[in-house]
Amino acid sequence: MVSKQKSAVVEFEISNLIRNRRSIRAFADRSVELEKLKSLFEATRWAPSSINEQPWIYLYATKEQPALWNTFFEVLNDGNKAWVREAPVLIFSIARKNFSRFNTPNAYALYDLGAANSLLALQAVDLGLQVRQMAGYDHQQARVKLNIPDEYELGVFMAVGYPGDVNQLPEELKKRELAPRERYLQQEFTINGTF
């Protein structure tokens, strides 16, 4: 397998919202204000979607709702539980499998959900927050414990909050948190022509 080239250097100009977005694991012991939570969800309203279907649904729990927050927390895998304990907000994203107007399969529902999740994450940066998206959870338990009907596709969990002290993390996670944020160079994924 050919190794792809990565770099931590931003090679071309990008928005500071993108430059400052991180997938953090260290969250401050500080609640997220309701107005800021509503602002995150407002950002998702303006995401593009196939025929403006907006198939996303967001379930969320705050630390001020300990029973609900723990229900969300319980379905995460152990690797995520190790650091997510400090996150003041947990969000679970799902998408309707079918178009609401035609009741036919929406092949782009998860794509649209991803676009909405991206805007949520960028809005978080604008508000001084950060978001870490997680695929590490028990899908069966999430569906059961969060009462998700079969007509919804499961998305990702998100931990949301203010950045905290990296030193509070276990040593291995601390190293990963402090490592340079590398990305593939454009030449590895762009083709000016056909495949």
# chains A, B, ... in the order shown; residues from 1 in each chain; ligands from 1
$ residues_around --residues "A:Leu169" --least-positions-apart "3" --cutoff "12 Å" --atoms "only C-alpha atoms" --output "JSON, numbers by chain"
{"A": [24, 25, 26, 27, 28, 80, 81, 82, 83, 84, 85, 86, 164, 165, 166, 172, 173, 174, 175, 176, 177, 178]}
$ residues_around --residues "A:Asp112" --least-positions-apart "5" --cutoff "8 Å" --atoms "only C-alpha atoms" --output "JSON, numbers by chain"
{"A": [47, 48, 49, 50, 54, 55, 56]}
$ residues_around --residues "A:Ser7" --least-positions-apart "5" --cutoff "7 Å" --atoms "only C-alpha atoms" --output "MDAnalysis selection string"
chainID A and resid 182:185
$ residues_around --residues "stretch 65-73 of chain A" --least-positions-apart "4" --cutoff "9 Å" --atoms "only C-alpha atoms" --output "MDAnalysis selection string"
chainID A and resid 60:61 77 81 84:85 88:92 142 145:146 157
$ write_last_selection --atoms "N, CA and C atoms" --output "mmCIF file, in the first residue's frame"
data_model
loop_
_atom_site.group_PDB
_atom_site.id
_atom_site.type_symbol
_atom_site.label_atom_id
_atom_site.label_comp_id
_atom_site.auth_asym_id
_atom_site.auth_seq_id
_atom_site.Cartn_x
_atom_site.Cartn_y
_atom_site.Cartn_z
ATOM 1 N N TYR A 60 -30.630 15.393 22.554
ATOM 2 C CA TYR A 60 -29.524 15.892 23.363
ATOM 3 C C TYR A 60 -29.837 15.827 24.847
ATOM 4 N N ALA A 61 -28.769 15.841 25.624
ATOM 5 C CA ALA A 61 -28.876 15.824 27.079
ATOM 6 C C ALA A 61 -27.749 16.665 27.645
ATOM 7 N N ASN A 77 -18.989 3.518 23.776
ATOM 8 C CA ASN A 77 -18.019 2.464 24.058
ATOM 9 C C ASN A 77 -17.052 2.922 25.146
ATOM 10 N N LYS A 81 -15.992 6.589 26.829
ATOM 11 C CA LYS A 81 -16.394 6.877 28.207
ATOM 12 C C LYS A 81 -15.224 7.397 29.033
ATOM 13 N N VAL A 84 -15.233 11.245 27.954
ATOM 14 C CA VAL A 84 -16.468 11.995 27.735
ATOM 15 C C VAL A 84 -17.177 12.360 29.046
ATOM 16 N N ARG A 85 -16.738 11.813 30.142
ATOM 17 C CA ARG A 85 -17.361 12.067 31.452
ATOM 18 C C ARG A 85 -17.476 13.555 31.781
ATOM 19 N N PRO A 88 -20.210 18.543 29.011
ATOM 20 C CA PRO A 88 -21.468 19.034 29.583
ATOM 21 C C PRO A 88 -22.700 18.742 28.731
ATOM 22 N N VAL A 89 -22.481 18.463 27.423
ATOM 23 C CA VAL A 89 -23.606 18.196 26.526
ATOM 24 C C VAL A 89 -23.271 16.995 25.651
ATOM 25 N N LEU A 90 -24.235 16.101 25.528
ATOM 26 C CA LEU A 90 -24.132 14.990 24.579
ATOM 27 C C LEU A 90 -25.280 15.117 23.589
ATOM 28 N N ILE A 91 -24.949 14.996 22.319
ATOM 29 C CA ILE A 91 -25.941 15.102 21.248
ATOM 30 C C ILE A 91 -25.851 13.825 20.421
ATOM 31 N N PHE A 92 -26.995 13.294 20.030
ATOM 32 C CA PHE A 92 -27.018 12.148 19.119
ATOM 33 C C PHE A 92 -27.759 12.564 17.868
ATOM 34 N N ALA A 142 -28.222 2.076 21.580
ATOM 35 C CA ALA A 142 -28.639 3.455 21.287
ATOM 36 C C ALA A 142 -30.071 3.470 20.791
ATOM 37 N N LYS A 145 -32.307 2.340 24.021
ATOM 38 C CA LYS A 145 -32.333 3.262 25.172
ATOM 39 C C LYS A 145 -32.805 4.667 24.812
ATOM 40 N N LEU A 146 -32.596 5.061 23.554
ATOM 41 C CA LEU A 146 -33.021 6.401 23.139
ATOM 42 C C LEU A 146 -34.338 6.363 22.356
ATOM 43 N N PHE A 157 -22.685 10.370 17.726
ATOM 44 C CA PHE A 157 -22.801 11.106 18.975
ATOM 45 C C PHE A 157 -21.851 12.283 18.894
#
$ residues_around --residues "stretch 100-105 of chain A" --least-positions-apart "4" --cutoff "12 Å" --atoms "only C-alpha atoms" --output "ChimeraX atom specification"
/A:50-56,95-96,109-110,151-153
$ select_by_dssp --residues "stretch 47-176 of chain A" --states "helix (DSSP H, G or I)" --output "number ranges by chain"
A: 50-52, 66-74, 78-84, 109-126, 139-145, 166-168, 171-176
$ residues_around --residues "A:Arg181" --least-positions-apart "5" --cutoff "9 Å" --atoms "only C-alpha atoms" --output "list in words"
Ser7, Ala8, Val9 and Arg22 of chain A
$ write_last_selection --atoms "N, CA and C atoms" --output "mmCIF file, in the first residue's frame"
data_model
loop_
_atom_site.group_PDB
_atom_site.id
_atom_site.type_symbol
_atom_site.label_atom_id
_atom_site.label_comp_id
_atom_site.auth_asym_id
_atom_site.auth_seq_id
_atom_site.Cartn_x
_atom_site.Cartn_y
_atom_site.Cartn_z
ATOM 1 N N SER A 7 0.204 16.618 6.201
ATOM 2 C CA SER A 7 0.886 17.798 6.718
ATOM 3 C C SER A 7 -0.006 18.463 7.765
ATOM 4 N N ALA A 8 0.621 19.122 8.727
ATOM 5 C CA ALA A 8 -0.113 19.896 9.732
ATOM 6 C C ALA A 8 -0.192 21.374 9.332
ATOM 7 N N VAL A 9 0.393 21.730 8.201
ATOM 8 C CA VAL A 9 0.433 23.111 7.734
ATOM 9 C C VAL A 9 -0.782 23.401 6.851
ATOM 10 N N ARG A 22 -11.493 21.824 16.366
ATOM 11 C CA ARG A 22 -10.719 20.688 16.876
ATOM 12 C C ARG A 22 -11.691 19.617 17.346
#
$ closest_residue --among "A:Val144, A:Val125, A:Leu113, A:Leu76" --to "A:Leu17" --atoms "only C-alpha atoms"
A:Val125
$ select_by_dssp --residues "stretch 52-178 of chain A" --states "strand (DSSP E or B)" --output "PyMOL selection string"
chain A and resi 56-62+76+89-96+98+105+130-134+137+152-161+163
$ atom_distance --atom1 "atom CA of A:Gln187" --atom2 "atom CA of A:Ser3"
12.7 Å
$ residues_around --residues "A:Gln123" --least-positions-apart "4" --cutoff "10 Å" --atoms "only C-alpha atoms" --output "PyMOL selection string"
chain A and resi 17+21+36-37+39-44+117-119+127-131
$ atom_distance --atom1 "atom CA of A:Phe189" --atom2 "atom CA of A:Val2"
13.5 Å
$ closest_residue --among "A:Ser23, A:Ser93, A:Asn16, A:Asn98" --to "A:Arg132" --atoms "only C-alpha atoms"
A:Ser23
$ closest_residue --among "A:Arg30, A:Val156, A:Lys97, A:Glu74" --to "A:Ala116" --atoms "only C-alpha atoms"
A:Val156
$ decode --residues "stretch 98-135 of chain A" --atoms "C-alpha atoms" --output "PDB file, in the first residue's frame"
ATOM      1  CA  ASN A  98     -37.281   8.143   3.633  1.00  0.00           C
ATOM      2  CA  PHE A  99     -38.274  11.435   2.063  1.00  0.00           C
ATOM      3  CA  SER A 100     -41.198  12.843   4.029  1.00  0.00           C
ATOM      4  CA  ARG A 101     -43.113  13.992   0.926  1.00  0.00           C
ATOM      5  CA  PHE A 102     -42.655  10.883  -1.234  1.00  0.00           C
ATOM      6  CA  ASN A 103     -42.139   8.123   1.351  1.00  0.00           C
ATOM      7  CA  THR A 104     -39.361   6.719  -0.838  1.00  0.00           C
ATOM      8  CA  PRO A 105     -35.794   6.027   0.316  1.00  0.00           C
ATOM      9  CA  ASN A 106     -33.568   9.076   0.666  1.00  0.00           C
ATOM     10  CA  ALA A 107     -30.135   7.850  -0.415  1.00  0.00           C
ATOM     11  CA  TYR A 108     -28.630  11.184   0.688  1.00  0.00           C
ATOM     12  CA  ALA A 109     -30.026  11.368   4.227  1.00  0.00           C
ATOM     13  CA  LEU A 110     -26.717  10.564   5.958  1.00  0.00           C
ATOM     14  CA  TYR A 111     -24.844  12.878   3.590  1.00  0.00           C
ATOM     15  CA  ASP A 112     -27.251  15.674   4.530  1.00  0.00           C
ATOM     16  CA  LEU A 113     -26.897  14.826   8.229  1.00  0.00           C
ATOM     17  CA  GLY A 114     -23.115  15.109   7.868  1.00  0.00           C
ATOM     18  CA  ALA A 115     -23.490  18.553   6.304  1.00  0.00           C
ATOM     19  CA  ALA A 116     -25.711  19.679   9.182  1.00  0.00           C
ATOM     20  CA  ASN A 117     -23.267  18.225  11.729  1.00  0.00           C
ATOM     21  CA  SER A 118     -20.431  20.153  10.095  1.00  0.00           C
ATOM     22  CA  LEU A 119     -22.296  23.432  10.398  1.00  0.00           C
ATOM     23  CA  LEU A 120     -23.081  22.624  14.037  1.00  0.00           C
ATOM     24  CA  ALA A 121     -19.368  22.061  14.686  1.00  0.00           C
ATOM     25  CA  LEU A 122     -18.352  25.305  12.959  1.00  0.00           C
ATOM     26  CA  GLN A 123     -21.008  27.291  14.822  1.00  0.00           C
ATOM     27  CA  ALA A 124     -19.604  25.821  18.039  1.00  0.00           C
ATOM     28  CA  VAL A 125     -16.168  27.256  17.223  1.00  0.00           C
ATOM     29  CA  ASP A 126     -17.744  30.653  16.604  1.00  0.00           C
ATOM     30  CA  LEU A 127     -19.266  30.474  20.103  1.00  0.00           C
ATOM     31  CA  GLY A 128     -16.044  29.430  21.858  1.00  0.00           C
ATOM     32  CA  LEU A 129     -17.143  25.781  22.075  1.00  0.00           C
ATOM     33  CA  GLN A 130     -15.790  22.612  20.496  1.00  0.00           C
ATOM     34  CA  VAL A 131     -17.452  19.398  19.297  1.00  0.00           C
ATOM     35  CA  ARG A 132     -16.061  15.885  19.113  1.00  0.00           C
ATOM     36  CA  GLN A 133     -18.052  13.506  16.939  1.00  0.00           C
ATOM     37  CA  MET A 134     -18.066   9.818  17.907  1.00  0.00           C
ATOM     38  CA  ALA A 135     -18.963   6.655  16.019  1.00  0.00           C
TER      39      ALA A 135
END
